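> Pasting input03.cif below, which is mmCIF, N, CA, C and O atoms.
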```
data_entry
#
loop_
_atom_site.label_atom_id
_atom_site.label_comp_id
_atom_site.auth_asym_id
_atom_site.auth_seq_id
_atom_site.Cartn_x
_atom_site.Cartn_y
_atom_site.Cartn_z
N MET A 22 -45.04 -6.08 94.49
CA MET A 22 -45.90 -6.38 95.58
C MET A 22 -45.17 -6.24 96.91
O MET A 22 -44.03 -6.61 97.03
N GLU A 23 -45.85 -5.73 97.87
CA GLU A 23 -45.28 -5.50 99.18
C GLU A 23 -45.50 -6.72 100.07
O GLU A 23 -46.58 -7.26 100.13
N ARG A 24 -44.46 -7.13 100.77
CA ARG A 24 -44.55 -8.27 101.68
C ARG A 24 -44.86 -7.81 103.08
O ARG A 24 -44.22 -6.90 103.59
N ARG A 25 -45.78 -8.47 103.70
CA ARG A 25 -46.10 -8.14 105.08
C ARG A 25 -45.77 -9.34 105.95
O ARG A 25 -46.09 -10.46 105.63
N THR A 26 -45.10 -9.06 107.05
CA THR A 26 -44.81 -10.13 108.00
C THR A 26 -45.54 -9.83 109.29
O THR A 26 -45.66 -8.68 109.71
N SER A 27 -45.99 -10.85 109.88
CA SER A 27 -46.77 -10.71 111.10
C SER A 27 -45.84 -10.56 112.30
O SER A 27 -44.82 -11.25 112.42
N ALA A 28 -46.16 -9.66 113.19
CA ALA A 28 -45.39 -9.47 114.41
C ALA A 28 -45.46 -10.72 115.28
O ALA A 28 -44.48 -11.10 115.93
N ALA A 29 -46.60 -11.38 115.26
CA ALA A 29 -46.76 -12.59 116.04
C ALA A 29 -45.82 -13.69 115.54
O ALA A 29 -45.25 -14.45 116.33
N ALA A 30 -45.63 -13.77 114.23
CA ALA A 30 -44.73 -14.77 113.66
C ALA A 30 -43.29 -14.49 114.06
O ALA A 30 -42.51 -15.42 114.34
N ARG A 31 -42.90 -13.22 114.09
CA ARG A 31 -41.54 -12.86 114.50
C ARG A 31 -41.32 -13.23 115.97
O ARG A 31 -40.28 -13.78 116.33
N ILE A 32 -42.27 -12.93 116.81
CA ILE A 32 -42.15 -13.25 118.24
C ILE A 32 -42.09 -14.75 118.45
O ILE A 32 -41.27 -15.25 119.23
N ALA A 33 -42.90 -15.50 117.73
CA ALA A 33 -42.89 -16.96 117.85
C ALA A 33 -41.55 -17.53 117.41
O ALA A 33 -41.03 -18.47 118.03
N ALA A 34 -40.97 -16.98 116.37
CA ALA A 34 -39.67 -17.46 115.89
C ALA A 34 -38.58 -17.20 116.92
O ALA A 34 -37.73 -18.06 117.19
N VAL A 35 -38.59 -16.02 117.53
CA VAL A 35 -37.59 -15.70 118.55
C VAL A 35 -37.76 -16.60 119.76
O VAL A 35 -36.77 -17.12 120.31
N LEU A 36 -38.99 -16.83 120.20
CA LEU A 36 -39.24 -17.71 121.35
C LEU A 36 -38.81 -19.14 121.06
O LEU A 36 -38.25 -19.83 121.93
N ALA A 37 -39.05 -19.61 119.85
CA ALA A 37 -38.63 -20.96 119.47
C ALA A 37 -37.11 -21.07 119.49
O ALA A 37 -36.54 -22.09 119.94
N LEU A 38 -36.42 -20.05 119.02
CA LEU A 38 -34.95 -20.05 119.01
C LEU A 38 -34.41 -20.06 120.45
O LEU A 38 -33.49 -20.82 120.78
N ILE A 39 -35.00 -19.24 121.31
CA ILE A 39 -34.56 -19.21 122.72
C ILE A 39 -34.82 -20.56 123.39
O ILE A 39 -33.97 -21.07 124.12
N GLY A 40 -35.98 -21.15 123.12
CA GLY A 40 -36.29 -22.47 123.69
C GLY A 40 -35.30 -23.53 123.23
O GLY A 40 -34.87 -24.37 124.02
N ALA A 41 -34.93 -23.50 121.97
CA ALA A 41 -33.96 -24.48 121.44
C ALA A 41 -32.60 -24.32 122.11
O ALA A 41 -31.94 -25.31 122.46
N VAL A 42 -32.18 -23.08 122.31
CA VAL A 42 -30.89 -22.84 122.95
C VAL A 42 -30.92 -23.33 124.40
O VAL A 42 -29.97 -23.96 124.87
N VAL A 43 -32.01 -23.09 125.11
CA VAL A 43 -32.12 -23.55 126.50
C VAL A 43 -32.07 -25.07 126.57
O VAL A 43 -31.38 -25.64 127.42
N VAL A 44 -32.77 -25.76 125.67
CA VAL A 44 -32.76 -27.22 125.65
C VAL A 44 -31.35 -27.74 125.38
O VAL A 44 -30.87 -28.67 126.05
N ILE A 45 -30.64 -27.15 124.44
CA ILE A 45 -29.28 -27.59 124.12
C ILE A 45 -28.36 -27.39 125.32
O ILE A 45 -27.56 -28.26 125.66
N VAL A 46 -28.47 -26.24 125.99
CA VAL A 46 -27.63 -25.97 127.16
C VAL A 46 -27.93 -26.98 128.28
O VAL A 46 -27.00 -27.50 128.91
N LEU A 47 -29.19 -27.29 128.51
CA LEU A 47 -29.54 -28.26 129.55
C LEU A 47 -29.00 -29.65 129.24
O LEU A 47 -28.47 -30.34 130.11
N VAL A 48 -29.13 -30.07 127.98
CA VAL A 48 -28.63 -31.39 127.59
C VAL A 48 -27.12 -31.46 127.75
O VAL A 48 -26.58 -32.43 128.28
N LEU A 49 -26.41 -30.43 127.32
CA LEU A 49 -24.95 -30.43 127.44
C LEU A 49 -24.50 -30.38 128.89
O LEU A 49 -23.55 -31.07 129.27
N SER A 50 -25.17 -29.59 129.72
CA SER A 50 -24.75 -29.52 131.12
C SER A 50 -25.00 -30.83 131.84
O SER A 50 -24.21 -31.25 132.68
N THR A 51 -26.10 -31.51 131.50
CA THR A 51 -26.38 -32.81 132.10
C THR A 51 -25.33 -33.83 131.66
O THR A 51 -24.84 -34.61 132.47
N ALA A 52 -24.98 -33.80 130.39
CA ALA A 52 -23.98 -34.75 129.89
C ALA A 52 -22.61 -34.48 130.50
O ALA A 52 -21.87 -35.40 130.80
N MET A 53 -22.26 -33.23 130.69
CA MET A 53 -20.94 -32.88 131.24
C MET A 53 -20.84 -33.24 132.72
O MET A 53 -19.79 -33.61 133.19
N ASN A 54 -21.94 -33.14 133.45
CA ASN A 54 -21.93 -33.46 134.88
C ASN A 54 -22.02 -34.96 135.12
O ASN A 54 -21.75 -35.42 136.21
N GLY A 55 -22.46 -35.71 134.14
CA GLY A 55 -22.56 -37.16 134.29
C GLY A 55 -23.70 -37.58 135.17
O GLY A 55 -23.73 -38.69 135.66
N SER A 56 -24.66 -36.71 135.38
CA SER A 56 -25.79 -37.09 136.22
C SER A 56 -26.79 -37.90 135.41
O SER A 56 -26.84 -37.83 134.20
N SER A 57 -27.59 -38.68 136.11
CA SER A 57 -28.56 -39.55 135.44
C SER A 57 -29.75 -38.74 134.96
O SER A 57 -29.95 -37.60 135.35
N SER A 58 -30.58 -39.36 134.14
CA SER A 58 -31.74 -38.67 133.60
C SER A 58 -32.76 -38.34 134.67
O SER A 58 -33.56 -37.44 134.52
N SER A 59 -32.74 -39.05 135.78
CA SER A 59 -33.69 -38.78 136.86
C SER A 59 -33.27 -37.58 137.68
O SER A 59 -34.03 -37.09 138.50
N GLY A 60 -32.04 -37.10 137.48
CA GLY A 60 -31.56 -35.94 138.22
C GLY A 60 -30.97 -36.29 139.58
O GLY A 60 -30.45 -35.44 140.26
N ARG A 61 -31.04 -37.57 139.99
CA ARG A 61 -30.46 -37.98 141.26
C ARG A 61 -29.00 -38.33 141.06
O ARG A 61 -28.62 -38.89 140.06
N ARG A 62 -28.22 -38.02 142.05
CA ARG A 62 -26.80 -38.34 141.99
C ARG A 62 -26.49 -39.40 143.02
O ARG A 62 -27.11 -39.47 144.07
N HIS A 63 -25.51 -40.20 142.72
CA HIS A 63 -25.07 -41.24 143.64
C HIS A 63 -24.43 -40.56 144.84
O HIS A 63 -23.61 -39.67 144.69
N PRO A 64 -24.76 -40.94 146.06
CA PRO A 64 -24.24 -40.25 147.23
C PRO A 64 -22.73 -40.28 147.35
O PRO A 64 -22.14 -39.39 147.92
N LYS A 65 -22.09 -41.29 146.82
CA LYS A 65 -20.63 -41.38 146.93
C LYS A 65 -19.91 -40.41 146.01
O LYS A 65 -18.73 -40.20 146.16
N GLN A 66 -20.61 -39.82 145.04
CA GLN A 66 -19.95 -38.90 144.13
C GLN A 66 -19.47 -37.65 144.85
O GLN A 66 -18.50 -37.04 144.45
N HIS A 67 -20.15 -37.26 145.92
CA HIS A 67 -19.78 -36.06 146.62
C HIS A 67 -18.88 -36.32 147.83
O HIS A 67 -18.36 -35.38 148.42
N ALA A 68 -18.72 -37.56 148.19
CA ALA A 68 -17.88 -37.90 149.34
C ALA A 68 -16.42 -37.70 148.97
O ALA A 68 -16.00 -37.95 147.85
N GLN A 69 -15.65 -37.24 149.93
CA GLN A 69 -14.23 -37.08 149.68
C GLN A 69 -13.57 -38.45 149.65
O GLN A 69 -13.89 -39.33 150.44
N LYS A 70 -12.63 -38.58 148.72
CA LYS A 70 -11.92 -39.85 148.62
C LYS A 70 -10.88 -39.92 149.73
O LYS A 70 -10.11 -38.99 149.93
N GLN A 71 -10.89 -41.03 150.44
CA GLN A 71 -9.94 -41.23 151.50
C GLN A 71 -8.94 -42.28 151.06
O GLN A 71 -9.27 -43.20 150.34
N LYS A 72 -7.71 -42.10 151.52
CA LYS A 72 -6.70 -43.10 151.21
C LYS A 72 -7.04 -44.37 151.98
O LYS A 72 -7.47 -44.32 153.14
N PRO A 73 -6.86 -45.53 151.33
CA PRO A 73 -7.14 -46.77 152.05
C PRO A 73 -6.15 -46.94 153.20
O PRO A 73 -5.01 -46.54 153.11
N HIS A 74 -6.64 -47.54 154.27
CA HIS A 74 -5.80 -47.79 155.43
C HIS A 74 -4.73 -48.81 155.08
O HIS A 74 -5.03 -49.93 154.69
N ARG A 75 -3.48 -48.42 155.17
CA ARG A 75 -2.38 -49.31 154.83
C ARG A 75 -2.03 -50.15 156.06
O ARG A 75 -1.83 -49.63 157.14
N THR A 76 -1.97 -51.44 155.84
CA THR A 76 -1.68 -52.37 156.93
C THR A 76 -0.22 -52.26 157.38
O THR A 76 0.64 -51.86 156.61
N LYS A 77 0.02 -52.62 158.63
CA LYS A 77 1.38 -52.64 159.16
C LYS A 77 1.99 -54.03 159.01
O LYS A 77 3.18 -54.21 159.25
N ALA A 78 1.17 -55.01 158.60
CA ALA A 78 1.66 -56.38 158.45
C ALA A 78 2.66 -56.46 157.30
O ALA A 78 2.57 -55.75 156.31
N LYS A 79 3.63 -57.36 157.47
CA LYS A 79 4.64 -57.54 156.43
C LYS A 79 4.24 -58.60 155.42
O LYS A 79 4.78 -58.64 154.32
N THR A 80 3.29 -59.48 155.80
CA THR A 80 2.85 -60.54 154.89
C THR A 80 1.33 -60.67 154.96
O THR A 80 0.69 -60.16 155.88
N TYR A 81 0.80 -61.36 153.97
CA TYR A 81 -0.63 -61.64 153.92
C TYR A 81 -0.80 -63.08 153.47
O TYR A 81 -0.17 -63.51 152.48
N THR A 82 -1.63 -63.84 154.16
CA THR A 82 -1.90 -65.22 153.78
C THR A 82 -3.18 -65.25 152.94
O THR A 82 -4.23 -64.77 153.38
N VAL A 83 -3.07 -65.77 151.74
CA VAL A 83 -4.19 -65.80 150.79
C VAL A 83 -5.29 -66.71 151.33
O VAL A 83 -5.02 -67.81 151.80
N GLU A 84 -6.52 -66.22 151.25
CA GLU A 84 -7.69 -67.00 151.66
C GLU A 84 -8.44 -67.46 150.41
O GLU A 84 -8.27 -66.90 149.33
N THR A 85 -9.28 -68.46 150.55
CA THR A 85 -10.07 -68.96 149.43
C THR A 85 -10.92 -67.83 148.85
O THR A 85 -11.59 -67.12 149.59
N GLY A 86 -10.85 -67.66 147.54
CA GLY A 86 -11.64 -66.64 146.86
C GLY A 86 -10.96 -65.29 146.76
O GLY A 86 -11.50 -64.37 146.14
N ASP A 87 -9.78 -65.12 147.35
CA ASP A 87 -9.07 -63.85 147.27
C ASP A 87 -8.58 -63.57 145.85
O ASP A 87 -8.21 -64.48 145.11
N THR A 88 -8.56 -62.31 145.50
CA THR A 88 -7.93 -61.83 144.27
C THR A 88 -6.92 -60.78 144.68
O THR A 88 -6.96 -60.26 145.80
N LEU A 89 -6.01 -60.44 143.77
CA LEU A 89 -5.03 -59.42 144.11
C LEU A 89 -5.71 -58.08 144.40
O LEU A 89 -5.30 -57.34 145.29
N THR A 90 -6.75 -57.79 143.66
CA THR A 90 -7.48 -56.54 143.89
C THR A 90 -8.11 -56.53 145.28
O THR A 90 -8.05 -55.53 145.99
N ALA A 91 -8.72 -57.63 145.67
CA ALA A 91 -9.33 -57.72 147.00
C ALA A 91 -8.27 -57.59 148.09
O ALA A 91 -8.49 -56.91 149.09
N ILE A 92 -7.15 -58.22 147.88
CA ILE A 92 -6.05 -58.14 148.86
C ILE A 92 -5.54 -56.71 148.94
O ILE A 92 -5.28 -56.19 150.03
N ALA A 93 -5.42 -56.04 147.80
CA ALA A 93 -4.97 -54.65 147.79
C ALA A 93 -5.94 -53.76 148.57
O ALA A 93 -5.52 -52.89 149.33
N HIS A 94 -7.24 -53.99 148.41
CA HIS A 94 -8.23 -53.21 149.16
C HIS A 94 -8.15 -53.50 150.65
O HIS A 94 -8.27 -52.60 151.48
N LYS A 95 -7.97 -54.75 151.02
CA LYS A 95 -7.92 -55.11 152.44
C LYS A 95 -6.69 -54.54 153.13
O LYS A 95 -6.74 -54.13 154.28
N THR A 96 -5.56 -54.55 152.42
CA THR A 96 -4.29 -54.19 153.04
C THR A 96 -3.86 -52.75 152.79
O THR A 96 -3.01 -52.23 153.51
N GLY A 97 -4.39 -52.12 151.74
CA GLY A 97 -3.97 -50.76 151.40
C GLY A 97 -2.70 -50.73 150.57
O GLY A 97 -2.17 -49.67 150.28
N VAL A 98 -2.21 -51.89 150.19
CA VAL A 98 -1.02 -51.99 149.34
C VAL A 98 -1.51 -52.16 147.90
O VAL A 98 -2.40 -52.96 147.64
N THR A 99 -0.93 -51.41 146.97
CA THR A 99 -1.41 -51.49 145.59
C THR A 99 -1.07 -52.83 144.96
O THR A 99 -0.14 -53.52 145.39
N VAL A 100 -1.83 -53.18 143.94
CA VAL A 100 -1.59 -54.43 143.21
C VAL A 100 -0.18 -54.42 142.62
O VAL A 100 0.53 -55.43 142.66
N ALA A 101 0.23 -53.28 142.08
CA ALA A 101 1.57 -53.18 141.49
C ALA A 101 2.66 -53.46 142.53
O ALA A 101 3.65 -54.15 142.23
N GLU A 102 2.48 -52.95 143.75
CA GLU A 102 3.46 -53.20 144.81
C GLU A 102 3.48 -54.68 145.19
O GLU A 102 4.56 -55.25 145.39
N ILE A 103 2.31 -55.28 145.29
CA ILE A 103 2.24 -56.71 145.64
C ILE A 103 2.95 -57.54 144.58
O ILE A 103 3.73 -58.44 144.90
N LEU A 104 2.71 -57.23 143.30
CA LEU A 104 3.36 -57.97 142.22
C LEU A 104 4.87 -57.74 142.21
O LEU A 104 5.65 -58.66 141.95
N ALA A 105 5.29 -56.51 142.50
CA ALA A 105 6.73 -56.21 142.53
C ALA A 105 7.43 -56.96 143.67
O ALA A 105 8.56 -57.43 143.50
N LEU A 106 6.76 -57.07 144.81
CA LEU A 106 7.35 -57.77 145.95
C LEU A 106 7.27 -59.29 145.83
O LEU A 106 7.98 -60.01 146.52
N ASN A 107 6.39 -59.77 144.97
CA ASN A 107 6.17 -61.22 144.81
C ASN A 107 6.21 -61.58 143.32
O ASN A 107 5.19 -61.97 142.74
N PRO A 108 7.38 -61.51 142.68
CA PRO A 108 7.45 -61.77 141.24
C PRO A 108 7.11 -63.21 140.86
O PRO A 108 6.72 -63.48 139.72
N GLU A 109 7.19 -64.13 141.80
CA GLU A 109 6.90 -65.54 141.51
C GLU A 109 5.41 -65.84 141.50
O GLU A 109 4.97 -66.91 141.09
N VAL A 110 4.60 -64.88 141.93
CA VAL A 110 3.15 -65.10 142.05
C VAL A 110 2.48 -64.86 140.70
O VAL A 110 2.73 -63.87 140.03
N ASP A 111 1.63 -65.81 140.32
CA ASP A 111 0.80 -65.66 139.13
C ASP A 111 -0.47 -64.95 139.57
O ASP A 111 -1.24 -65.50 140.35
N PRO A 112 -0.72 -63.72 139.09
CA PRO A 112 -1.89 -62.97 139.56
C PRO A 112 -3.22 -63.63 139.22
O PRO A 112 -4.23 -63.36 139.84
N GLN A 113 -3.23 -64.54 138.26
CA GLN A 113 -4.46 -65.23 137.86
C GLN A 113 -4.74 -66.45 138.72
O GLN A 113 -5.87 -66.92 138.79
N ILE A 114 -3.70 -66.99 139.35
CA ILE A 114 -3.86 -68.22 140.14
C ILE A 114 -3.27 -67.99 141.53
O ILE A 114 -2.08 -68.15 141.76
N LEU A 115 -4.12 -67.61 142.46
CA LEU A 115 -3.69 -67.48 143.85
C LEU A 115 -4.15 -68.73 144.60
O LEU A 115 -5.27 -69.18 144.43
N ILE A 116 -3.27 -69.26 145.40
CA ILE A 116 -3.56 -70.50 146.12
C ILE A 116 -3.80 -70.17 147.59
O ILE A 116 -3.01 -69.45 148.21
N ALA A 117 -4.91 -70.69 148.13
CA ALA A 117 -5.21 -70.47 149.53
C ALA A 117 -4.08 -70.99 150.39
O ALA A 117 -3.55 -72.07 150.17
N GLY A 118 -3.65 -70.18 151.36
CA GLY A 118 -2.53 -70.56 152.22
C GLY A 118 -1.22 -69.97 151.75
O GLY A 118 -0.24 -69.94 152.50
N GLN A 119 -1.16 -69.50 150.54
CA GLN A 119 0.03 -68.88 149.98
C GLN A 119 0.32 -67.58 150.74
O GLN A 119 -0.60 -66.83 151.08
N THR A 120 1.60 -67.29 151.03
CA THR A 120 1.95 -66.09 151.74
C THR A 120 2.52 -65.06 150.77
O THR A 120 3.42 -65.37 149.98
N LEU A 121 1.99 -63.84 150.84
CA LEU A 121 2.47 -62.75 149.99
C LEU A 121 3.19 -61.72 150.83
O LEU A 121 2.75 -61.38 151.92
N LYS A 122 4.29 -61.21 150.32
CA LYS A 122 5.01 -60.14 151.00
C LYS A 122 4.29 -58.81 150.72
O LYS A 122 3.86 -58.55 149.59
N LEU A 123 4.18 -57.98 151.75
CA LEU A 123 3.54 -56.68 151.60
C LEU A 123 4.54 -55.53 151.79
O LEU A 123 4.23 -54.38 151.48
N LYS A 124 5.70 -55.85 152.33
CA LYS A 124 6.74 -54.82 152.55
C LYS A 124 8.07 -55.32 152.10
O LYS A 124 8.38 -56.47 152.12
#
```
So that I can check it, write out the structure of this file as structure tokens.

Amino acid sequence: MERRTSAAARIAAVLALIGAVVVIVLVLSTAMNGSSSSGRRHPKQHAQKQKPHRTKAKTYTVETGDTLTAIAHKTGVTVAEILALNPEVDPQILIAGQTLKLK
């Protein structure tokens, strides 16, 4: 017996394959770019990163609610540098009024 295949079925199969490839490429490109499903990007993603302004002060007086990370952001001195300059400081317990060396 002779088998007959429909030209329309062949075309539909090719179109389905192309559609599947396009969907896979779109999903992968979205995942690689890290963009959200809404397609909007956070405005800060495109902004150039600037170095934090490093203070000229040699010391910093701890205020109520300060953390080492907050102090690092305010002064431009890294947390590692602050800890290296102040080995006696417990990073978990900062006391208001305490003076930290920055240089």
> Step by step, work through what the PyMOL selection byres ((chain A and resi 112) around 7) selects in the shown file, and finish by giving those residues as an MDAnalysis selection string.
chainID A and resid 87:89 109:111 113:115
> Take the residues from that selection and put them in a file with N, CA, C and O atoms, as a PDB file, in the frame of the given file.

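That gives us again.pdb:
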```
ATOM      1  N   ASP A  87      -9.780 -65.120 147.350  1.00  0.00           N
ATOM      2  CA  ASP A  87      -9.070 -63.850 147.270  1.00  0.00           C
ATOM      3  C   ASP A  87      -8.580 -63.570 145.850  1.00  0.00           C
ATOM      4  O   ASP A  87      -8.210 -64.480 145.110  1.00  0.00           O
ATOM      5  N   THR A  88      -8.560 -62.310 145.500  1.00  0.00           N
ATOM      6  CA  THR A  88      -7.930 -61.830 144.270  1.00  0.00           C
ATOM      7  C   THR A  88      -6.920 -60.780 144.680  1.00  0.00           C
ATOM      8  O   THR A  88      -6.960 -60.260 145.800  1.00  0.00           O
ATOM      9  N   LEU A  89      -6.010 -60.440 143.770  1.00  0.00           N
ATOM     10  CA  LEU A  89      -5.030 -59.420 144.110  1.00  0.00           C
ATOM     11  C   LEU A  89      -5.710 -58.080 144.400  1.00  0.00           C
ATOM     12  O   LEU A  89      -5.300 -57.340 145.290  1.00  0.00           O
ATOM     13  N   GLU A 109       7.190 -64.130 141.800  1.00  0.00           N
ATOM     14  CA  GLU A 109       6.900 -65.540 141.510  1.00  0.00           C
ATOM     15  C   GLU A 109       5.410 -65.840 141.500  1.00  0.00           C
ATOM     16  O   GLU A 109       4.970 -66.910 141.090  1.00  0.00           O
ATOM     17  N   VAL A 110       4.600 -64.880 141.930  1.00  0.00           N
ATOM     18  CA  VAL A 110       3.150 -65.100 142.050  1.00  0.00           C
ATOM     19  C   VAL A 110       2.480 -64.860 140.700  1.00  0.00           C
ATOM     20  O   VAL A 110       2.730 -63.870 140.030  1.00  0.00           O
ATOM     21  N   ASP A 111       1.630 -65.810 140.320  1.00  0.00           N
ATOM     22  CA  ASP A 111       0.800 -65.660 139.130  1.00  0.00           C
ATOM     23  C   ASP A 111      -0.470 -64.950 139.570  1.00  0.00           C
ATOM     24  O   ASP A 111      -1.240 -65.500 140.350  1.00  0.00           O
ATOM     25  N   GLN A 113      -3.230 -64.540 138.260  1.00  0.00           N
ATOM     26  CA  GLN A 113      -4.460 -65.230 137.860  1.00  0.00           C
ATOM     27  C   GLN A 113      -4.740 -66.450 138.720  1.00  0.00           C
ATOM     28  O   GLN A 113      -5.870 -66.920 138.790  1.00  0.00           O
ATOM     29  N   ILE A 114      -3.700 -66.990 139.350  1.00  0.00           N
ATOM     30  CA  ILE A 114      -3.860 -68.220 140.140  1.00  0.00           C
ATOM     31  C   ILE A 114      -3.270 -67.990 141.530  1.00  0.00           C
ATOM     32  O   ILE A 114      -2.080 -68.150 141.760  1.00  0.00           O
ATOM     33  N   LEU A 115      -4.120 -67.610 142.460  1.00  0.00           N
ATOM     34  CA  LEU A 115      -3.690 -67.480 143.850  1.00  0.00           C
ATOM     35  C   LEU A 115      -4.150 -68.730 144.600  1.00  0.00           C
ATOM     36  O   LEU A 115      -5.270 -69.180 144.430  1.00  0.00           O
TER      37      LEU A 115
END
```
> When you count all atoms listed in the file, which of these residues is closest to Asn107 of chain A: A:Ala93, A:Ala30, A:Val42, A:Leu123?
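Selected residue with least distance to Asn107 of chain A: A:Leu123.
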> Evaluate the PyMOL selection byres ((chain A and resi 119) around 6) and record the selected residues as a count of residues only, following the chain and residue labels used in the document.
9
> For a test of reading the model, state the distance in Å between atom O of Arg75 of chain A and atom O of Gly97 of chain A, rounded to one decimal.
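If I compute the distance from atom O of Arg75 of chain A to atom O of Gly97 of chain A, I get 6.9 Å.
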> Distance atom CA of His74 of chain A-atom O of Leu106 of chain A, one decimal place?
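Computing it gives 20.5 Å between the two atoms.
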> Quick one: distance from atom O of Thr96 of chain A to atom N of Lys77 of chain A in Å, one decimal?
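Atom N of Lys77 of chain A lies at a distance of 6.0 Å from atom O of Thr96 of chain A.
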> I need the residue nearest Thr99 of chain A from this list: A:Lys122, A:Val43, A:Ala52, A:Arg31. Use all atoms listed in the file for the distance.
A:Lys122
> Counting only C-alpha atoms, figure out which residue out of A:Leu49, A:Ile92, A:Ala41, A:Ile32 gets nearest to Thr80 of chain A.
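Smallest distance to Thr80 of chain A is found for A:Ile92.
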